[in-house]
file run-v2.cif (mmCIF, C-alpha atoms and all ligand atoms)
data_query
#
loop_
_atom_site.group_PDB
_atom_site.id
_atom_site.type_symbol
_atom_site.label_atom_id
_atom_site.label_comp_id
_atom_site.auth_asym_id
_atom_site.auth_seq_id
_atom_site.Cartn_x
_atom_site.Cartn_y
_atom_site.Cartn_z
ATOM 1 C CA MET X 1 110.258 86.269 125.578
ATOM 2 C CA PRO X 2 111.029 82.752 124.349
ATOM 3 C CA MET X 3 114.521 81.693 125.326
ATOM 4 C CA HIS X 4 116.402 78.726 123.997
ATOM 5 C CA LYS X 5 117.971 76.867 126.905
ATOM 6 C CA ILE X 6 121.550 76.230 125.880
ATOM 7 C CA ASN X 7 122.592 72.838 127.135
ATOM 8 C CA SER X 8 126.167 73.287 128.323
ATOM 9 C CA ASP X 9 126.684 69.505 128.640
ATOM 10 C CA GLU X 10 125.813 69.189 124.972
ATOM 11 C CA VAL X 11 128.230 71.972 124.066
ATOM 12 C CA ILE X 12 131.090 70.435 126.091
ATOM 13 C CA SER X 13 130.473 66.879 124.968
ATOM 14 C CA THR X 14 130.195 67.971 121.334
ATOM 15 C CA ALA X 15 133.377 70.026 121.632
ATOM 16 C CA GLY X 16 135.190 67.028 123.096
ATOM 17 C CA LYS X 17 133.756 64.559 120.592
ATOM 18 C CA TRP X 18 134.274 66.637 117.497
ATOM 19 C CA GLY X 19 137.081 68.769 118.766
ATOM 20 C CA SER X 20 137.053 71.268 115.957
ATOM 21 C CA ILE X 21 136.089 74.915 115.575
ATOM 22 C CA ARG X 22 134.106 74.090 112.434
ATOM 23 C CA ASN X 23 131.890 71.668 114.291
ATOM 24 C CA LEU X 24 131.463 74.082 117.177
ATOM 25 C CA ARG X 25 130.328 76.679 114.640
ATOM 26 C CA ARG X 26 127.813 74.149 113.282
ATOM 27 C CA LEU X 27 126.483 73.586 116.785
ATOM 28 C CA HIS X 28 126.277 77.335 117.353
ATOM 29 C CA LEU X 29 124.350 77.728 114.077
ATOM 30 C CA ARG X 30 121.950 74.934 115.040
ATOM 31 C CA LEU X 31 121.284 76.531 118.430
ATOM 32 C CA THR X 32 120.791 79.946 116.775
ATOM 33 C CA GLN X 33 118.371 78.433 114.290
ATOM 34 C CA GLU X 34 116.429 76.631 117.027
ATOM 35 C CA THR X 35 116.212 79.897 118.975
ATOM 36 C CA MET X 36 114.872 81.730 115.908
ATOM 37 C CA THR X 37 112.376 78.964 115.155
ATOM 38 C CA GLU X 38 111.089 79.174 118.744
ATOM 39 C CA PHE X 39 110.935 82.968 118.521
ATOM 40 C CA TRP X 40 108.763 82.935 115.378
ATOM 41 C CA GLU X 41 106.662 79.987 116.544
ATOM 42 C CA GLU X 42 105.824 81.812 119.755
ATOM 43 C CA ALA X 43 105.119 85.071 117.865
ATOM 44 C CA PHE X 44 102.652 83.392 115.460
ATOM 45 C CA ARG X 45 101.100 81.254 118.222
ATOM 46 C CA SER X 46 100.337 84.268 120.390
ATOM 47 C CA LYS X 47 99.670 86.950 117.766
ATOM 48 C CA GLN X 48 98.426 84.864 114.821
ATOM 49 C CA GLU X 49 97.914 87.210 111.815
ATOM 50 C CA MET X 50 100.016 89.936 113.386
ATOM 51 C CA TRP X 51 100.422 92.122 110.290
ATOM 52 C CA GLY X 52 96.776 91.855 109.166
ATOM 53 C CA SER X 53 95.594 90.442 105.884
ATOM 54 C CA SER X 54 96.504 93.238 103.448
ATOM 55 C CA PRO X 55 99.658 92.925 101.396
ATOM 56 C CA ALA X 56 102.656 95.135 102.167
ATOM 57 C CA LYS X 57 103.185 98.147 99.850
ATOM 58 C CA SER X 58 106.306 96.494 98.425
ATOM 59 C CA ALA X 59 104.312 93.371 97.562
ATOM 60 C CA ILE X 60 101.871 95.486 95.537
ATOM 61 C CA LEU X 61 104.722 97.289 93.740
ATOM 62 C CA THR X 62 106.501 94.002 93.067
ATOM 63 C CA SER X 63 103.381 92.248 91.854
ATOM 64 C CA ASP X 64 102.678 95.092 89.393
ATOM 65 C CA PHE X 65 106.264 94.909 88.138
ATOM 66 C CA PHE X 66 106.129 91.106 87.829
ATOM 67 C CA VAL X 67 102.861 91.303 85.857
ATOM 68 C CA SER X 68 104.371 93.855 83.449
ATOM 69 C CA ASN X 69 107.404 91.619 82.981
ATOM 70 C CA GLY X 70 105.585 88.371 82.360
ATOM 71 C CA VAL X 71 106.538 86.607 85.611
ATOM 72 C CA LYS X 72 104.532 83.417 86.031
ATOM 73 C CA ASN X 73 105.926 81.530 89.039
ATOM 74 C CA VAL X 74 107.090 83.176 92.244
ATOM 75 C CA LEU X 75 109.071 81.953 95.237
ATOM 76 C CA ILE X 76 108.492 83.735 98.559
ATOM 77 C CA PRO X 77 111.145 82.843 101.172
ATOM 78 C CA GLY X 78 109.831 83.704 104.680
ATOM 79 C CA ILE X 79 106.222 83.715 103.466
ATOM 80 C CA GLY X 80 104.724 83.882 106.983
ATOM 81 C CA TYR X 81 100.967 83.201 106.898
ATOM 82 C CA GLY X 82 100.813 84.305 103.271
ATOM 83 C CA ARG X 83 99.441 87.851 103.398
ATOM 84 C CA ASN X 84 101.774 88.774 100.518
ATOM 85 C CA ALA X 85 100.964 85.664 98.473
ATOM 86 C CA LYS X 86 97.402 86.605 97.545
ATOM 87 C CA ILE X 87 98.226 89.590 95.346
ATOM 88 C CA PHE X 88 100.597 87.510 93.178
ATOM 89 C CA ARG X 89 98.063 84.673 92.939
ATOM 90 C CA ASP X 90 95.219 87.072 92.128
ATOM 91 C CA SER X 91 97.378 88.352 89.259
ATOM 92 C CA GLY X 92 97.648 84.822 87.849
ATOM 93 C CA MET X 93 101.050 83.806 89.236
ATOM 94 C CA THR X 94 101.820 80.500 90.935
ATOM 95 C CA VAL X 95 103.304 80.999 94.395
ATOM 96 C CA THR X 96 105.583 78.698 96.410
ATOM 97 C CA GLY X 97 106.746 79.606 99.906
ATOM 98 C CA ILE X 98 109.432 78.721 102.440
ATOM 99 C CA GLU X 99 108.690 79.288 106.117
ATOM 100 C CA ILE X 100 110.337 78.349 109.401
ATOM 101 C CA SER X 101 107.166 78.516 111.532
ATOM 102 C CA GLU X 102 104.718 75.607 111.387
ATOM 103 C CA THR X 103 102.037 77.754 112.987
ATOM 104 C CA ALA X 104 102.353 80.376 110.230
ATOM 105 C CA ILE X 105 102.091 77.604 107.626
ATOM 106 C CA ARG X 106 98.988 76.233 109.325
ATOM 107 C CA ILE X 107 97.356 79.696 109.181
ATOM 108 C CA ALA X 108 98.320 80.028 105.489
ATOM 109 C CA THR X 109 96.754 76.636 104.777
ATOM 110 C CA GLN X 110 93.490 77.815 106.335
ATOM 111 C CA HIS X 111 93.433 80.615 103.744
ATOM 112 C CA PHE X 112 94.778 78.858 100.678
ATOM 113 C CA GLY X 113 93.969 75.190 101.305
ATOM 114 C CA ASN X 114 96.114 72.666 99.485
ATOM 115 C CA ASP X 115 96.612 75.037 96.634
ATOM 116 C CA LEU X 116 99.770 76.700 97.946
ATOM 117 C CA THR X 117 103.003 74.781 98.461
ATOM 118 C CA ILE X 118 105.023 75.942 101.450
ATOM 119 C CA TYR X 119 108.255 74.187 102.363
ATOM 120 C CA HIS X 120 108.745 73.989 106.088
ATOM 121 C CA GLY X 121 112.317 74.873 107.069
ATOM 122 C CA SER X 122 114.920 77.586 107.238
ATOM 123 C CA VAL X 123 116.049 79.489 104.157
ATOM 124 C CA THR X 124 119.564 78.626 105.314
ATOM 125 C CA GLU X 125 118.727 75.097 104.077
ATOM 126 C CA MET X 126 117.833 76.222 100.541
ATOM 127 C CA PRO X 127 117.304 74.872 97.938
ATOM 128 C CA PHE X 128 114.075 73.010 98.748
ATOM 129 C CA ASP X 129 113.346 72.004 95.153
ATOM 130 C CA ASN X 130 114.831 72.036 91.668
ATOM 131 C CA GLU X 131 112.479 74.682 90.288
ATOM 132 C CA GLN X 132 113.661 77.736 88.393
ATOM 133 C CA TYR X 133 111.443 80.659 89.394
ATOM 134 C CA ASP X 134 111.003 83.684 87.209
ATOM 135 C CA GLY X 135 110.232 85.863 90.220
ATOM 136 C CA ILE X 136 111.404 85.813 93.850
ATOM 137 C CA PHE X 137 109.966 88.146 96.481
ATOM 138 C CA CYS X 138 111.606 88.118 99.898
ATOM 139 C CA TYR X 139 109.981 90.490 102.387
ATOM 140 C CA ALA X 140 111.685 91.560 105.638
ATOM 141 C CA LEU X 141 113.654 88.358 106.038
ATOM 142 C CA ILE X 142 117.219 88.948 104.882
ATOM 143 C CA HIS X 143 117.953 91.519 107.603
ATOM 144 C CA LEU X 144 117.261 88.805 110.231
ATOM 145 C CA LEU X 145 120.277 86.788 109.090
ATOM 146 C CA ASP X 146 123.992 87.046 109.795
ATOM 147 C CA LYS X 147 126.537 87.965 107.110
ATOM 148 C CA ASP X 148 127.240 84.414 105.878
ATOM 149 C CA GLU X 149 123.545 83.515 105.888
ATOM 150 C CA ARG X 150 122.677 86.655 103.925
ATOM 151 C CA ALA X 151 125.327 85.848 101.312
ATOM 152 C CA LYS X 152 124.035 82.281 101.029
ATOM 153 C CA LEU X 153 120.399 83.418 100.722
ATOM 154 C CA ILE X 154 121.290 85.830 97.918
ATOM 155 C CA GLN X 155 123.244 83.159 96.075
ATOM 156 C CA ASP X 156 120.590 80.462 96.619
ATOM 157 C CA CYS X 157 117.840 82.779 95.358
ATOM 158 C CA TYR X 158 119.965 83.764 92.359
ATOM 159 C CA ASN X 159 120.618 80.077 91.608
ATOM 160 C CA GLN X 160 116.876 79.404 91.594
ATOM 161 C CA LEU X 161 116.084 82.307 89.275
ATOM 162 C CA ALA X 162 115.336 81.524 85.665
ATOM 163 C CA GLU X 163 117.377 83.398 83.102
ATOM 164 C CA ASN X 164 116.058 86.974 82.871
ATOM 165 C CA GLY X 165 114.107 86.406 86.089
ATOM 166 C CA TYR X 166 113.746 89.035 88.820
ATOM 167 C CA MET X 167 114.368 88.843 92.556
ATOM 168 C CA PHE X 168 113.187 91.615 94.866
ATOM 169 C CA PHE X 169 114.123 91.830 98.539
ATOM 170 C CA THR X 170 112.869 94.271 101.149
ATOM 171 C CA THR X 171 114.967 95.218 104.133
ATOM 172 C CA ILE X 172 115.073 97.676 107.003
ATOM 173 C CA THR X 173 117.384 100.681 106.568
ATOM 174 C CA LYS X 174 119.695 102.683 108.790
ATOM 175 C CA GLU X 175 117.133 105.512 108.635
ATOM 176 C CA ALA X 176 114.873 103.531 111.026
ATOM 177 C CA LYS X 177 114.499 105.075 114.494
ATOM 178 C CA THR X 178 115.470 101.733 115.979
ATOM 179 C CA TYR X 179 118.890 101.787 114.287
ATOM 180 C CA GLY X 180 121.560 101.624 116.996
ATOM 181 C CA GLN X 181 119.122 100.548 119.723
ATOM 182 C CA GLY X 182 119.141 97.242 121.592
ATOM 183 C CA THR X 183 122.236 95.126 122.116
ATOM 184 C CA TYR X 184 125.148 95.610 119.729
ATOM 185 C CA ILE X 185 126.141 92.362 117.975
ATOM 186 C CA SER X 186 128.375 93.545 115.154
ATOM 187 C CA LYS X 187 128.600 96.501 112.774
ATOM 188 C CA ASP X 188 125.019 97.643 111.962
ATOM 189 C CA ARG X 189 123.512 94.522 113.623
ATOM 190 C CA PHE X 190 121.587 94.770 116.901
ATOM 191 C CA GLU X 191 119.372 92.503 118.996
ATOM 192 C CA MET X 192 116.004 93.987 119.976
ATOM 193 C CA PHE X 193 112.248 93.337 120.203
ATOM 194 C CA GLY X 194 112.751 90.473 122.665
ATOM 195 C CA GLY X 195 115.242 88.429 120.663
ATOM 196 C CA VAL X 196 115.265 89.535 116.996
ATOM 197 C CA LYS X 197 118.661 90.286 115.497
ATOM 198 C CA LEU X 198 118.439 92.969 112.813
ATOM 199 C CA PHE X 199 121.003 94.066 110.259
ATOM 200 C CA PHE X 200 120.366 97.648 109.095
ATOM 201 C CA TYR X 201 121.306 98.183 105.455
ATOM 202 C CA ASP X 202 122.521 101.291 103.702
ATOM 203 C CA LYS X 203 123.148 101.698 99.971
ATOM 204 C CA GLU X 204 126.819 100.713 100.330
ATOM 205 C CA THR X 205 126.076 97.402 102.049
ATOM 206 C CA ILE X 206 123.349 96.691 99.492
ATOM 207 C CA GLN X 207 125.858 97.289 96.720
ATOM 208 C CA GLU X 208 128.406 95.035 98.460
ATOM 209 C CA GLU X 209 125.985 92.157 99.005
ATOM 210 C CA PHE X 210 123.767 92.381 95.890
ATOM 211 C CA GLY X 211 126.192 93.987 93.454
ATOM 212 C CA LYS X 212 127.076 90.674 91.836
ATOM 213 C CA ALA X 213 123.505 89.417 91.850
ATOM 214 C CA GLY X 214 122.123 91.617 89.092
ATOM 215 C CA LEU X 215 121.276 94.635 91.271
ATOM 216 C CA PHE X 216 119.657 97.294 89.079
ATOM 217 C CA GLU X 217 117.664 99.540 91.462
ATOM 218 C CA ILE X 218 117.274 100.394 95.128
ATOM 219 C CA ALA X 219 113.873 101.969 95.861
ATOM 220 C CA GLU X 220 112.721 103.448 99.165
ATOM 221 C CA VAL X 221 109.366 102.288 100.541
ATOM 222 C CA ASN X 222 107.874 103.212 103.877
ATOM 223 C CA GLU X 223 106.304 100.168 105.542
ATOM 224 C CA ASN X 224 105.874 101.368 109.156
ATOM 225 C CA PHE X 225 109.672 101.328 109.088
ATOM 226 C CA PRO X 226 111.784 102.823 106.288
ATOM 227 C CA PHE X 227 112.549 99.941 103.949
ATOM 228 C CA TYR X 228 114.608 99.482 100.817
ATOM 229 C CA LEU X 229 113.120 97.502 97.949
ATOM 230 C CA ILE X 230 116.169 95.894 96.337
ATOM 231 C CA LYS X 231 115.671 94.893 92.709
ATOM 232 C CA CYS X 232 117.871 92.366 90.896
ATOM 233 C CA LYS X 233 117.664 90.753 87.485
ATOM 234 C CA LYS X 234 119.426 87.541 86.544
ATOM 235 C CA ALA X 235 121.981 88.264 83.897
ATOM 236 C CA ARG X 236 122.905 85.840 81.151
ATOM 237 C CA GLN X 237 126.558 85.650 82.122
ATOM 238 C CA LYS X 238 127.828 83.379 84.900
ATOM 239 C CA VAL X 239 128.215 85.199 88.221
ATOM 240 C CA GLU X 240 131.082 84.379 90.613
ATOM 241 C CA PHE X 241 129.985 84.907 94.199
ATOM 242 C CA ALA X 242 132.355 85.457 97.124
ATOM 243 C CA PRO X 243 134.042 82.357 98.557
ATOM 244 C CA GLY X 244 132.198 81.018 101.600
ATOM 245 C CA SER X 245 128.734 81.725 100.221
ATOM 246 C CA SER X 246 128.751 78.514 98.218
ATOM 247 C CA SER X 247 125.620 76.519 98.055
ATOM 248 C CA LYS X 248 124.609 72.927 97.631
ATOM 249 C CA ALA X 249 122.389 71.427 94.968
ATOM 250 C CA PHE X 250 118.930 70.243 95.968
ATOM 251 C CA ALA X 251 119.160 66.689 97.233
ATOM 252 C CA GLY X 252 115.519 66.156 98.212
ATOM 253 C CA GLY X 253 114.146 65.236 101.605
ATOM 254 C CA HIS X 254 112.723 68.537 102.891
ATOM 255 C CA GLU X 255 109.279 68.485 104.401
ATOM 256 C CA THR X 256 106.592 70.032 102.219
ATOM 257 C CA VAL X 257 103.460 71.508 103.737
ATOM 258 C CA ARG X 258 100.606 72.048 101.346
HETATM 259 C C1 LIG Y 301 109.246 89.880 109.334
HETATM 260 S S1 LIG Y 301 108.422 88.410 108.961
HETATM 261 C C2 LIG Y 301 107.716 88.696 107.383
HETATM 262 C C3 LIG Y 301 106.599 87.715 107.059
HETATM 263 C C4 LIG Y 301 105.946 87.880 105.704
HETATM 264 N N1 LIG Y 301 106.912 88.041 104.664
HETATM 265 C C5 LIG Y 301 104.920 88.991 105.757
HETATM 266 O O1 LIG Y 301 105.290 90.129 105.571
HETATM 267 O O2 LIG Y 301 103.766 88.707 106.009
HETATM 268 C C6 LIG Y 301 109.695 87.259 108.642
HETATM 269 C C7 LIG Y 301 109.164 85.899 108.309
HETATM 270 O O3 LIG Y 301 110.247 85.056 108.003
HETATM 271 C C8 LIG Y 301 110.143 83.848 108.751
HETATM 272 N N2 LIG Y 301 111.518 83.431 109.015
HETATM 273 C C9 LIG Y 301 112.406 83.952 109.898
HETATM 274 N N3 LIG Y 301 113.582 83.348 109.789
HETATM 275 C C10 LIG Y 301 113.445 82.408 108.810
HETATM 276 C C11 LIG Y 301 114.314 81.461 108.230
HETATM 277 N N4 LIG Y 301 115.584 81.344 108.633
HETATM 278 N N5 LIG Y 301 113.839 80.665 107.240
HETATM 279 C C12 LIG Y 301 112.559 80.763 106.811
HETATM 280 N N6 LIG Y 301 111.684 81.643 107.329
HETATM 281 C C13 LIG Y 301 112.125 82.464 108.315
HETATM 282 C C14 LIG Y 301 109.367 84.216 110.003
HETATM 283 O O4 LIG Y 301 108.747 83.111 110.598
HETATM 284 C C15 LIG Y 301 108.385 85.220 109.437
HETATM 285 O O5 LIG Y 301 107.277 84.586 108.876
#

call {"tool": "encode", "arguments": {"input": "run-v2.cif", "output": "structure tokens", "more": "lines below"}}
Ligand SMILES: C[S@@+](CC[C@H](N)C(=O)[O-])C[C@H]1O[C@@H](n2cnc3c(N)ncnc32)[C@H](O)[C@@H]1O
result
Amino acid sequence: MPMHKINSDEVISTAGKWGSIRNLRRLHLRLTQETMTEFWEEAFRSKQEMWGSSPAKSAILTSDFFVSNGVKNVLIPGIGYGRNAKIFRDSGMTVTGIEISETAIRIATQHFGNDLTIYHGSVTEMPFDNEQYDGIFCYALIHLLDKDERAKLIQDCYNQLAENGYMFFTTITKEAKTYGQGTYISKDRFEMFGGVKLFFYDKETIQEEFGKAGLFEIAEVNENFPFYLIKCKKARQKVEFAPGSSSKAFAGGHETVR
């Protein structure tokens, strides 16, 4: 299991230098992000195409829906090595990805060449460009994040949706056998599988988190684990998100891997 070595000298010196809780939280977030990057790097390095090359069931359902609704350009946050990208591309859509693991991006490039743009970085750093996408498909990523990060991801995705665009998220549910296993972190969030932190959704928490983001349907899809396919449409009216989930405008400077 990859472990991030927390440097206590760094923690103490930063605490002394900055001397504020806010900055300590920033340091904590950076260490968490580095740990997650190492986790996924190691997973893709050792297991390569660990979920095979076929698209997930939810990707097929989403692609069909996007085709019927005239979606032309799709953003896939947490694209991995791109197994879910092909079905959208084969249906004539342009796909752009965001991915934290360089190894996964390298594998995707072997499949798609320079024809698929993947931004290298964490979704917590969104936005990576100024595009408005008319479809967003986010598979099995949001449940890896903490509450603030989930709120920010939902808002950032919503901000990058074109008017009348659709964003679909898949997430693990409390019906999964693994719910409640591992180390308890906070309500419905547990650490397991050698370092992954998972938040298990139910319909109430989906309503709470996506209710203001154009939520119109919650479908159940079995993908080895019981998943929800959360469907949102961008409304015309301005949406006020909860305080604390505010997001910055794209300022450039992220690394792009093609
Ligand atoms: C459960 S996997 C799903 C991968 C892909 N969607 C698929 O099904 O083939 C989660 C993916 O999100 C990526 N990931 C995890 N945390 C991330 C983050 N904060 N920002 C961007 N990508 C992240 C992982 O490297 C991994 O590729």

call {"tool": "closest_residue", "arguments": {"input": "run-v2.cif", "among": "X:Ala85, X:Ile60, X:Cys232, X:Ile185", "to": "Lys212 in chain X", "atoms": "all atoms listed in the file"}}
result
X:Cys232

call {"tool": "closest_residue", "arguments": {"input": "run-v2.cif", "among": "X:Thr173, X:Thr124, X:Ser68, X:Thr178", "to": "ligand LIG 301 (chain Y)", "atoms": "only C-alpha atoms and all ligand atoms"}}
result
X:Thr124

call {"tool": "axis_aligned_box", "arguments": {"input": "run-v2.cif", "around": "ligand LIG 301 (chain Y)", "padding_each_side": "8 Å", "output": "JSON"}}
result
{"center_x": 109.7, "center_y": 85.4, "center_z": 107.6, "size_x": 27.8, "size_y": 25.5, "size_z": 21.9}

call {"tool": "resolve_selection", "arguments": {"input": "run-v2.cif", "expression": "the PyMOL selection byres (((not hetatm)) within 6 of (chain Y and resi 301))", "output": "ChimeraX atom specification"}}
result
/X:40,78-80,82-84,98-101,121-124,139-141

call {"tool": "resolve_selection", "arguments": {"input": "run-v2.cif", "expression": "the PyMOL selection byres (((chain X and resi 233) around 9) and not hetatm)", "output": "JSON, numbers by chain"}}
result
{"X": [158, 161, 163, 164, 165, 166, 167, 168, 213, 214, 215, 216, 231, 232, 234, 235]}

call {"tool": "atom_distance", "arguments": {"input": "run-v2.cif", "atom1": "CA of Ser58 in chain X", "atom2": "CA of Glu223 in chain X"}}
result
8.0 Å

call {"tool": "resolve_selection", "arguments": {"input": "run-v2.cif", "expression": "the PyMOL selection byres (((chain X and resi 145) around 10) and not hetatm)", "output": "number ranges by chain"}}
result
X: 123-124, 141-144, 146-153, 189, 196-199

call {"tool": "write_last_selection", "arguments": {"input": "run-v2.cif", "atoms": "C-alpha atoms", "output": "JSON list (two decimals), in the frame of the given file"}}
result
[["chain", "number", "residue", "atom", "x", "y", "z"],
["X", 123, "VAL", "CA", 116.05, 79.49, 104.16],
["X", 124, "THR", "CA", 119.56, 78.63, 105.31],
["X", 141, "LEU", "CA", 113.65, 88.36, 106.04],
["X", 142, "ILE", "CA", 117.22, 88.95, 104.88],
["X", 143, "HIS", "CA", 117.95, 91.52, 107.60],
["X", 144, "LEU", "CA", 117.26, 88.80, 110.23],
["X", 146, "ASP", "CA", 123.99, 87.05, 109.80],
["X", 147, "LYS", "CA", 126.54, 87.96, 107.11],
["X", 148, "ASP", "CA", 127.24, 84.41, 105.88],
["X", 149, "GLU", "CA", 123.54, 83.52, 105.89],
["X", 150, "ARG", "CA", 122.68, 86.66, 103.92],
["X", 151, "ALA", "CA", 125.33, 85.85, 101.31],
["X", 152, "LYS", "CA", 124.04, 82.28, 101.03],
["X", 153, "LEU", "CA", 120.40, 83.42, 100.72],
["X", 189, "ARG", "CA", 123.51, 94.52, 113.62],
["X", 196, "VAL", "CA", 115.26, 89.54, 117.00],
["X", 197, "LYS", "CA", 118.66, 90.29, 115.50],
["X", 198, "LEU", "CA", 118.44, 92.97, 112.81],
["X", 199, "PHE", "CA", 121.00, 94.07, 110.26]]

call {"tool": "closest_residue", "arguments": {"input": "run-v2.cif", "among": "X:Asn224, X:Gln155, X:Gln110, X:Thr170", "to": "Phe210 in chain X", "atoms": "all atoms listed in the file"}}
result
X:Gln155

call {"tool": "residues_around", "arguments": {"input": "run-v2.cif", "residues": "Leu116 in chain X", "least_positions_apart": "3", "cutoff": "9 Å", "atoms": "only C-alpha atoms", "output": "list of chain:residue names"}}
result
X:Thr94, X:Val95, X:Thr96, X:Gly97, X:Ala108, X:Thr109, X:Phe112, X:Gly113, X:Val257, X:Arg258

call {"tool": "residues_around", "arguments": {"input": "run-v2.cif", "residues": "Ser63 in chain X", "least_positions_apart": "2", "cutoff": "8 Å", "atoms": "all atoms listed in the file", "output": "list in words"}}
result
Ala59, Ile60, Leu61, Phe65, Phe66, Val67, Ile87, Phe88 and Ser91 of chain X

call {"tool": "atom_distance", "arguments": {"input": "run-v2.cif", "atom1": "CA of Phe200 in chain X", "atom2": "CA of Tyr179 in chain X"}}
result
6.8 Å
